[in-house]
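Chemist: Let me begin by handing over the structure; questions about it come next.
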Amino acid sequence: MLSLSDWVTTLTLIFGGCCSNAITMEHITSTHPHSGIVVTFFQFLIVFLFGLPSQLTFTRPETPHAANGDAASSHKAPSTPAITRRTWLPRLKKRRVPLLPYLIQVALFFVLSTLNNAAFAYHIPMTVHIIFRSGGMIVNLVLGWLLAKKRYTLRQVISVFVVTLGIVLTTLSASKPKSEATTTQTTEVSLYAQGIAILSLALLFSGFLGLVQDWVFARYITPTESQVASDPDILPSWQENMFFLHTLGLPLFLFSKDSIVGELSRMGGGVPVSSCTIPYGVQQYIPAYALTIPSIFIHLFLNTITQLLCVIGVNRLTGRVTSLTVTLILTVRKAVSLLLSVAVYGGQANAQMWAGAALVFLGTIGYSTGGRSKHVKNKED
C-alpha cells in the first residue's frame, strides 16, 4: 500500500512528468517531424544514467565455509549470516530475471518505442496519437485469447468493441487534409494512412510485450518477492525492469547513428534562444552563451527529463497497487494530456474526435472494471 506522501509523489510524477512530456513532444515533432529516433535515444539514455548508480554495488558476498571435518559446524553453515567484502571494482546487483527474457522484452520495447515516436513524421496529430495508443487492450484481448488461453467476461468484450469504435472515429476525424489541391490531398492521406499503419504495428508489439511481461512476472518476480526485504543486494522489480529494458536497448541505436547525427545537425541550425520571446527580467539572468543555443534543444532537454519522471512514476505505481488502479490512473492521465494538447496547440478539436475519445476512455474503464482479479504487472505508458 502507498502512504499519503507516496501517493502525492507518484501522482505528481505521473501527471506532471507524463503530461509535460506529451506537450514537449508535440512541440518537437511539429517543427522536426523526423526527430522521433533522436527523442527515443535520449529517453533511453537518461533512464540508463539515472538507474546505473542504484544498480552498482562495491561489495561482494562470500559464503562462510565450515572447518574441515567439523560435522556440527558444517550442519550449521546454512544458517550463518552471509559475509560481504568491499571491492574496488563495482559490479551489478543480482538480477531477479535472467538475461534472455530481458533481451526478448528489450527487442519488443525498442521497436515499440521507435515506432510510436516515428509515427509523428506521418502527419499524425498528438490527439490521435494519444487516443490510438489507448487502444492497446484490443490487441491484448486477442493475443491473450489466442496465445495465453485467457478467458474474458462479456463486459470486457463489449468494452473492447467500444474502444475499437472510438479509435475508428478518432482516426477518421483527423484523416481529412486541410489542403484543397487534389495532389496534395492524396499525398497527405497516404502519409496519414502510413502513420496509422505504424501505430497499429506498434499496438501489436505492445500486445506481445504485455504477454511476455505477464509470463516473466509469474515465473521470476512473484517467487522472489519475499527476498527483497531481506537481501539489500536485490532491488524492487520496477527498478530492475526499468533499468535493463532501457540499458540493453541502447546498443540498438548504433544501427540508426547516421539518422541521429543528421537530425541533431538539422536541429542545430534552428532558431536560437535569443530569438524567442523571453521576458526582459528573465533574459538578463541567462548567460550570453546560453542565448545562442538552438531553442529546440531546450525542448529536447525538457522532454528527456519529463520522460524520466514519467517512467519513474508509472513504474513506482505498477509495483505497489493493483493493475485496475494503474489502468484507471493512466487513463485519466491520457485524458488530461489530450485536453492539454488541444488547449495549448489547438489540435483536432472537433465533435467526432471528442466522441471517439470518450468511447475509448469509457471502454478502457469498462474493460478494467469488468474482469476477474489479476496480478500486478509492469506497464509502459
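Ligands are numbered from 1 in the order shown, chains are lettered A, B, ... in the order of the C-alpha cells, and residues start at 1 in each chain.
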Would you please give, as a PyMOL selection string, all residues of stretch 99-136 of chain A that DSSP assigns to alpha helix (DSSP H) based on the backbone?

Modeler: chain A and resi 99-118+126-133+136

Chemist: Would you mind exporting N, CA, C and O atoms of the selected residues as an mmCIF file, in the first residue's frame?

Modeler:
```
data_model
loop_
_atom_site.group_PDB
_atom_site.id
_atom_site.type_symbol
_atom_site.label_atom_id
_atom_site.label_comp_id
_atom_site.auth_asym_id
_atom_site.auth_seq_id
_atom_site.Cartn_x
_atom_site.Cartn_y
_atom_site.Cartn_z
ATOM 1 N N LEU A 99 18.861 -13.085 -18.255
ATOM 2 C CA LEU A 99 19.148 -12.160 -19.349
ATOM 3 C C LEU A 99 18.269 -12.401 -20.569
ATOM 4 O O LEU A 99 17.825 -11.458 -21.224
ATOM 5 N N LEU A 100 18.014 -13.665 -20.927
ATOM 6 C CA LEU A 100 17.258 -13.963 -22.145
ATOM 7 C C LEU A 100 15.854 -13.355 -22.139
ATOM 8 O O LEU A 100 15.456 -12.722 -23.129
ATOM 9 N N PRO A 101 15.062 -13.521 -21.060
ATOM 10 C CA PRO A 101 13.751 -12.858 -21.057
ATOM 11 C C PRO A 101 13.848 -11.341 -21.194
ATOM 12 O O PRO A 101 12.980 -10.718 -21.813
ATOM 13 N N TYR A 102 14.902 -10.758 -20.634
ATOM 14 C CA TYR A 102 15.080 -9.312 -20.793
ATOM 15 C C TYR A 102 15.377 -8.945 -22.239
ATOM 16 O O TYR A 102 14.886 -7.937 -22.753
ATOM 17 N N LEU A 103 16.200 -9.754 -22.914
ATOM 18 C CA LEU A 103 16.537 -9.464 -24.307
ATOM 19 C C LEU A 103 15.293 -9.508 -25.193
ATOM 20 O O LEU A 103 15.144 -8.697 -26.117
ATOM 21 N N ILE A 104 14.392 -10.441 -24.915
ATOM 22 C CA ILE A 104 13.142 -10.514 -25.680
ATOM 23 C C ILE A 104 12.298 -9.263 -25.418
ATOM 24 O O ILE A 104 11.765 -8.649 -26.351
ATOM 25 N N GLN A 105 12.179 -8.873 -24.148
ATOM 26 C CA GLN A 105 11.411 -7.675 -23.819
ATOM 27 C C GLN A 105 12.047 -6.425 -24.426
ATOM 28 O O GLN A 105 11.334 -5.539 -24.918
ATOM 29 N N VAL A 106 13.379 -6.354 -24.399
ATOM 30 C CA VAL A 106 14.080 -5.183 -24.927
ATOM 31 C C VAL A 106 13.820 -5.040 -26.425
ATOM 32 O O VAL A 106 13.573 -3.940 -26.923
ATOM 33 N N ALA A 107 13.884 -6.147 -27.157
ATOM 34 C CA ALA A 107 13.643 -6.091 -28.597
ATOM 35 C C ALA A 107 12.244 -5.557 -28.889
ATOM 36 O O ALA A 107 12.058 -4.681 -29.750
ATOM 37 N N LEU A 108 11.252 -6.067 -28.163
ATOM 38 C CA LEU A 108 9.869 -5.610 -28.370
ATOM 39 C C LEU A 108 9.704 -4.156 -27.931
ATOM 40 O O LEU A 108 9.075 -3.347 -28.630
ATOM 41 N N PHE A 109 10.268 -3.815 -26.772
ATOM 42 C CA PHE A 109 10.117 -2.462 -26.235
ATOM 43 C C PHE A 109 10.814 -1.429 -27.116
ATOM 44 O O PHE A 109 10.302 -0.328 -27.334
ATOM 45 N N PHE A 110 11.994 -1.781 -27.639
ATOM 46 C CA PHE A 110 12.730 -0.860 -28.502
ATOM 47 C C PHE A 110 11.956 -0.584 -29.787
ATOM 48 O O PHE A 110 11.804 0.576 -30.204
ATOM 49 N N VAL A 111 11.475 -1.634 -30.426
ATOM 50 C CA VAL A 111 10.711 -1.457 -31.667
ATOM 51 C C VAL A 111 9.426 -0.683 -31.392
ATOM 52 O O VAL A 111 9.053 0.222 -32.157
ATOM 53 N N LEU A 112 8.759 -0.999 -30.284
ATOM 54 C CA LEU A 112 7.528 -0.311 -29.909
ATOM 55 C C LEU A 112 7.767 1.185 -29.708
ATOM 56 O O LEU A 112 7.028 2.025 -30.250
ATOM 57 N N SER A 113 8.780 1.546 -28.945
ATOM 58 C CA SER A 113 9.078 2.957 -28.679
ATOM 59 C C SER A 113 9.474 3.700 -29.949
ATOM 60 O O SER A 113 9.053 4.834 -30.178
ATOM 61 N N THR A 114 10.289 3.037 -30.799
ATOM 62 C CA THR A 114 10.726 3.666 -32.037
ATOM 63 C C THR A 114 9.557 3.917 -32.980
ATOM 64 O O THR A 114 9.445 4.985 -33.585
ATOM 65 N N LEU A 115 8.667 2.937 -33.104
ATOM 66 C CA LEU A 115 7.514 3.091 -33.996
ATOM 67 C C LEU A 115 6.581 4.205 -33.513
ATOM 68 O O LEU A 115 6.085 5.008 -34.309
ATOM 69 N N ASN A 116 6.330 4.233 -32.205
ATOM 70 C CA ASN A 116 5.425 5.260 -31.672
ATOM 71 C C ASN A 116 5.947 6.670 -31.940
ATOM 72 O O ASN A 116 5.189 7.565 -32.318
ATOM 73 N N ASN A 117 7.239 6.883 -31.755
ATOM 74 C CA ASN A 117 7.803 8.211 -31.991
ATOM 75 C C ASN A 117 7.989 8.501 -33.474
ATOM 76 O O ASN A 117 7.918 9.660 -33.900
ATOM 77 N N ALA A 118 8.229 7.465 -34.283
ATOM 78 C CA ALA A 118 8.398 7.674 -35.724
ATOM 79 C C ALA A 118 7.089 8.057 -36.403
ATOM 80 O O ALA A 118 7.096 8.687 -37.467
ATOM 81 N N MET A 126 -1.058 14.810 -32.299
ATOM 82 C CA MET A 126 -0.858 14.290 -30.948
ATOM 83 C C MET A 126 -2.166 13.759 -30.363
ATOM 84 O O MET A 126 -2.177 12.764 -29.632
ATOM 85 N N THR A 127 -3.281 14.411 -30.666
ATOM 86 C CA THR A 127 -4.573 13.963 -30.142
ATOM 87 C C THR A 127 -4.876 12.537 -30.604
ATOM 88 O O THR A 127 -5.280 11.683 -29.816
ATOM 89 N N VAL A 128 -4.679 12.277 -31.896
ATOM 90 C CA VAL A 128 -4.918 10.928 -32.419
ATOM 91 C C VAL A 128 -3.902 9.945 -31.837
ATOM 92 O O VAL A 128 -4.234 8.799 -31.503
ATOM 93 N N HIS A 129 -2.674 10.403 -31.700
ATOM 94 C CA HIS A 129 -1.602 9.561 -31.152
ATOM 95 C C HIS A 129 -1.968 9.087 -29.748
ATOM 96 O O HIS A 129 -1.823 7.901 -29.421
ATOM 97 N N ILE A 130 -2.440 9.994 -28.912
ATOM 98 C CA ILE A 130 -2.799 9.650 -27.528
ATOM 99 C C ILE A 130 -3.949 8.657 -27.496
ATOM 100 O O ILE A 130 -3.908 7.635 -26.796
ATOM 101 N N ILE A 131 -5.003 8.935 -28.281
ATOM 102 C CA ILE A 131 -6.189 8.079 -28.256
ATOM 103 C C ILE A 131 -5.885 6.710 -28.854
ATOM 104 O O ILE A 131 -6.318 5.672 -28.342
ATOM 105 N N PHE A 132 -5.138 6.694 -29.962
ATOM 106 C CA PHE A 132 -4.830 5.435 -30.627
ATOM 107 C C PHE A 132 -4.036 4.515 -29.705
ATOM 108 O O PHE A 132 -4.301 3.308 -29.633
ATOM 109 N N ARG A 133 -3.060 5.064 -28.990
ATOM 110 C CA ARG A 133 -2.246 4.246 -28.097
ATOM 111 C C ARG A 133 -3.038 3.741 -26.900
ATOM 112 O O ARG A 133 -2.620 2.794 -26.225
ATOM 113 N N GLY A 136 -4.676 -0.290 -26.770
ATOM 114 C CA GLY A 136 -3.859 -1.491 -26.699
ATOM 115 C C GLY A 136 -4.600 -2.714 -26.188
ATOM 116 O O GLY A 136 -4.216 -3.848 -26.468
#
```

Chemist: Give me the residues near stretch 160-162 of chain A as a VMD selection string, where near means some atom within 12 Å (using only C-alpha atoms) and where sequence neighbours in that chain fewer than 4 positions away do not count.

Modeler: chain A and resid 134 to 142 152 to 156 166 to 169 355 to 368 370

Chemist: Between atom CA of A:Thr306 and atom CA of A:Leu328, measure the distance and give it in Å to one decimal.

Modeler: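 Distance between the two atoms: 21.0 Å.
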
Chemist: From the list A:Phe48, A:Trp7, A:Tyr220, A:Phe41, which residue is nearest A:Val261 when using only C-alpha atoms?

Modeler: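 That would be A:Phe41, the residue with the smallest distance to A:Val261.
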
Chemist: In terms of the shortest atom-to-atom distance over only C-alpha atoms, which of A:Leu199, A:Val97, A:Leu147, A:Ile286 is closest to A:Ile221?

Modeler: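 Checking each candidate against A:Ile221, we get A:Val97 as the closest.
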
Chemist: Do a neighbour search on A:His299 at 12 Å with only C-alpha atoms, toss out local chain neighbours closer than 5 positions, and write the hits as a PyMOL selection string.

Modeler: chain A and resi 20-32+39+267+272-273+293-294+304-307

Chemist: Can you write out the residues you just picked, keeping N, CA, C and O atoms, as a PDB file, in the first residue's frame?

Modeler:
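The new file result28.pdb reads:
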```pdb
ATOM      1  N   SER A  20       3.573  16.779 -19.167  1.00  0.00           N
ATOM      2  CA  SER A  20       4.562  17.730 -19.679  1.00  0.00           C
ATOM      3  C   SER A  20       5.356  17.114 -20.825  1.00  0.00           C
ATOM      4  O   SER A  20       5.695  17.794 -21.802  1.00  0.00           O
ATOM      5  N   ASN A  21       5.622  15.823 -20.730  1.00  0.00           N
ATOM      6  CA  ASN A  21       6.348  15.136 -21.792  1.00  0.00           C
ATOM      7  C   ASN A  21       5.566  15.146 -23.099  1.00  0.00           C
ATOM      8  O   ASN A  21       6.136  15.338 -24.185  1.00  0.00           O
ATOM      9  N   ALA A  22       4.251  14.952 -23.010  1.00  0.00           N
ATOM     10  CA  ALA A  22       3.424  14.973 -24.224  1.00  0.00           C
ATOM     11  C   ALA A  22       3.432  16.358 -24.868  1.00  0.00           C
ATOM     12  O   ALA A  22       3.469  16.479 -26.106  1.00  0.00           O
ATOM     13  N   ILE A  23       3.423  17.416 -24.046  1.00  0.00           N
ATOM     14  CA  ILE A  23       3.432  18.782 -24.581  1.00  0.00           C
ATOM     15  C   ILE A  23       4.750  19.079 -25.282  1.00  0.00           C
ATOM     16  O   ILE A  23       4.781  19.606 -26.407  1.00  0.00           O
ATOM     17  N   THR A  24       5.868  18.740 -24.646  1.00  0.00           N
ATOM     18  CA  THR A  24       7.174  18.994 -25.271  1.00  0.00           C
ATOM     19  C   THR A  24       7.369  18.127 -26.510  1.00  0.00           C
ATOM     20  O   THR A  24       7.968  18.557 -27.498  1.00  0.00           O
ATOM     21  N   MET A  25       6.845  16.909 -26.476  1.00  0.00           N
ATOM     22  CA  MET A  25       6.954  16.019 -27.630  1.00  0.00           C
ATOM     23  C   MET A  25       6.204  16.599 -28.823  1.00  0.00           C
ATOM     24  O   MET A  25       6.690  16.552 -29.966  1.00  0.00           O
ATOM     25  N   GLU A  26       5.049  17.139 -28.577  1.00  0.00           N
ATOM     26  CA  GLU A  26       4.261  17.719 -29.670  1.00  0.00           C
ATOM     27  C   GLU A  26       4.971  18.920 -30.279  1.00  0.00           C
ATOM     28  O   GLU A  26       4.948  19.121 -31.497  1.00  0.00           O
ATOM     29  N   HIS A  27       5.625  19.730 -29.443  1.00  0.00           N
ATOM     30  CA  HIS A  27       6.358  20.884 -29.966  1.00  0.00           C
ATOM     31  C   HIS A  27       7.541  20.431 -30.823  1.00  0.00           C
ATOM     32  O   HIS A  27       7.772  20.969 -31.913  1.00  0.00           O
ATOM     33  N   ILE A  28       8.283  19.433 -30.349  1.00  0.00           N
ATOM     34  CA  ILE A  28       9.458  18.963 -31.091  1.00  0.00           C
ATOM     35  C   ILE A  28       9.058  18.386 -32.436  1.00  0.00           C
ATOM     36  O   ILE A  28       9.634  18.712 -33.479  1.00  0.00           O
ATOM     37  N   THR A  29       8.056  17.516 -32.439  1.00  0.00           N
ATOM     38  CA  THR A  29       7.666  16.850 -33.687  1.00  0.00           C
ATOM     39  C   THR A  29       6.938  17.774 -34.650  1.00  0.00           C
ATOM     40  O   THR A  29       6.887  17.491 -35.847  1.00  0.00           O
ATOM     41  N   SER A  30       6.381  18.871 -34.150  1.00  0.00           N
ATOM     42  CA  SER A  30       5.717  19.811 -35.058  1.00  0.00           C
ATOM     43  C   SER A  30       6.731  20.591 -35.885  1.00  0.00           C
ATOM     44  O   SER A  30       6.444  20.992 -37.021  1.00  0.00           O
ATOM     45  N   THR A  31       7.916  20.821 -35.340  1.00  0.00           N
ATOM     46  CA  THR A  31       8.962  21.550 -36.074  1.00  0.00           C
ATOM     47  C   THR A  31       9.999  20.611 -36.698  1.00  0.00           C
ATOM     48  O   THR A  31      10.625  20.958 -37.694  1.00  0.00           O
ATOM     49  N   HIS A  32      10.179  19.423 -36.112  1.00  0.00           N
ATOM     50  CA  HIS A  32      11.123  18.427 -36.631  1.00  0.00           C
ATOM     51  C   HIS A  32      10.423  17.068 -36.640  1.00  0.00           C
ATOM     52  O   HIS A  32      10.638  16.240 -35.745  1.00  0.00           O
ATOM     53  N   VAL A  39      14.628  11.577 -30.142  1.00  0.00           N
ATOM     54  CA  VAL A  39      13.909  11.646 -28.866  1.00  0.00           C
ATOM     55  C   VAL A  39      13.969  10.304 -28.149  1.00  0.00           C
ATOM     56  O   VAL A  39      14.227  10.237 -26.937  1.00  0.00           O
ATOM     57  N   MET A 267      18.678  20.047 -36.251  1.00  0.00           N
ATOM     58  CA  MET A 267      18.191  20.773 -35.075  1.00  0.00           C
ATOM     59  C   MET A 267      19.140  21.899 -34.694  1.00  0.00           C
ATOM     60  O   MET A 267      18.709  22.973 -34.257  1.00  0.00           O
ATOM     61  N   PRO A 272      17.779  30.234 -32.422  1.00  0.00           N
ATOM     62  CA  PRO A 272      18.427  30.276 -31.104  1.00  0.00           C
ATOM     63  C   PRO A 272      17.486  30.813 -30.032  1.00  0.00           C
ATOM     64  O   PRO A 272      16.449  31.412 -30.331  1.00  0.00           O
ATOM     65  N   VAL A 273      17.870  30.585 -28.798  1.00  0.00           N
ATOM     66  CA  VAL A 273      17.054  31.032 -27.668  1.00  0.00           C
ATOM     67  C   VAL A 273      16.874  32.545 -27.699  1.00  0.00           C
ATOM     68  O   VAL A 273      15.818  33.063 -27.340  1.00  0.00           O
ATOM     69  N   ILE A 293      22.146  28.935 -27.960  1.00  0.00           N
ATOM     70  CA  ILE A 293      21.726  27.543 -28.108  1.00  0.00           C
ATOM     71  C   ILE A 293      20.420  27.483 -28.887  1.00  0.00           C
ATOM     72  O   ILE A 293      19.486  28.244 -28.593  1.00  0.00           O
ATOM     73  N   PRO A 294      20.292  26.612 -29.883  1.00  0.00           N
ATOM     74  CA  PRO A 294      19.009  26.457 -30.583  1.00  0.00           C
ATOM     75  C   PRO A 294      17.896  26.103 -29.604  1.00  0.00           C
ATOM     76  O   PRO A 294      18.063  25.222 -28.757  1.00  0.00           O
ATOM     77  N   THR A 304      13.319  15.027 -22.371  1.00  0.00           N
ATOM     78  CA  THR A 304      14.095  13.920 -21.799  1.00  0.00           C
ATOM     79  C   THR A 304      13.894  13.826 -20.290  1.00  0.00           C
ATOM     80  O   THR A 304      13.685  12.732 -19.741  1.00  0.00           O
ATOM     81  N   ILE A 305      13.941  14.975 -19.612  1.00  0.00           N
ATOM     82  CA  ILE A 305      13.769  14.988 -18.155  1.00  0.00           C
ATOM     83  C   ILE A 305      12.354  14.559 -17.765  1.00  0.00           C
ATOM     84  O   ILE A 305      12.163  13.754 -16.837  1.00  0.00           O
ATOM     85  N   THR A 306      11.350  15.083 -18.465  1.00  0.00           N
ATOM     86  CA  THR A 306       9.965  14.732 -18.129  1.00  0.00           C
ATOM     87  C   THR A 306       9.671  13.268 -18.434  1.00  0.00           C
ATOM     88  O   THR A 306       8.861  12.639 -17.747  1.00  0.00           O
ATOM     89  N   GLN A 307      10.338  12.707 -19.460  1.00  0.00           N
ATOM     90  CA  GLN A 307      10.170  11.275 -19.735  1.00  0.00           C
ATOM     91  C   GLN A 307      10.706  10.442 -18.576  1.00  0.00           C
ATOM     92  O   GLN A 307      10.094   9.441 -18.185  1.00  0.00           O
TER      93      GLN A 307
END
```

Chemist: Can you tell me how far atom CA of A:Gly346 sits from atom CA of A:Ile124, in Å to one decimal?

Modeler: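 So the two atoms, atom CA of A:Gly346 and atom CA of A:Ile124, lie 14.0 Å apart.
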
Chemist: Please identify all polymer residues within 10 Å of A:Gln55, counting only C-alpha atoms, omitting same-chain residues fewer than 2 positions from it, and present them as a list in words.

Modeler: Phe50, Gly51, Leu52, Pro53, Thr57, Pro90, Arg91, Leu92, Lys93, Lys94, Arg95, Asp233, Ile234, Leu235, Gln239, Glu240, Phe243 and Phe244 of chain A

Chemist: Excluding same-chain residues fewer than 6 positions from A:Ser265, what lies within 12 Å of it counting only C-alpha atoms, as a compact mmCIF listing (two decimals) with N, CA and C atoms, in the first residue's frame?

Modeler:
```txt
# COMPACT_ATOMS: atom_id res chain seq x y z
N HIS A 32 10.18 19.42 -36.11
CA HIS A 32 11.12 18.43 -36.63
C HIS A 32 10.42 17.07 -36.64
N SER A 35 12.26 13.64 -35.96
CA SER A 35 13.14 13.59 -34.79
C SER A 35 12.79 12.46 -33.82
N VAL A 38 15.71 10.45 -32.47
CA VAL A 38 16.56 11.24 -31.56
C VAL A 38 15.92 11.30 -30.17
N ASP A 258 23.54 7.26 -37.99
CA ASP A 258 23.57 8.27 -39.05
C ASP A 258 22.32 9.14 -39.02
N SER A 259 21.17 8.51 -38.78
CA SER A 259 19.91 9.28 -38.69
C SER A 259 19.93 10.20 -37.48
N PRO A 294 20.29 26.61 -29.88
CA PRO A 294 19.01 26.46 -30.58
C PRO A 294 17.90 26.10 -29.60
N ILE A 296 15.27 24.49 -29.89
CA ILE A 296 14.72 23.14 -29.95
C ILE A 296 15.46 22.20 -28.99
N PHE A 297 16.74 22.51 -28.70
CA PHE A 297 17.49 21.68 -27.76
C PHE A 297 16.97 21.86 -26.33
```
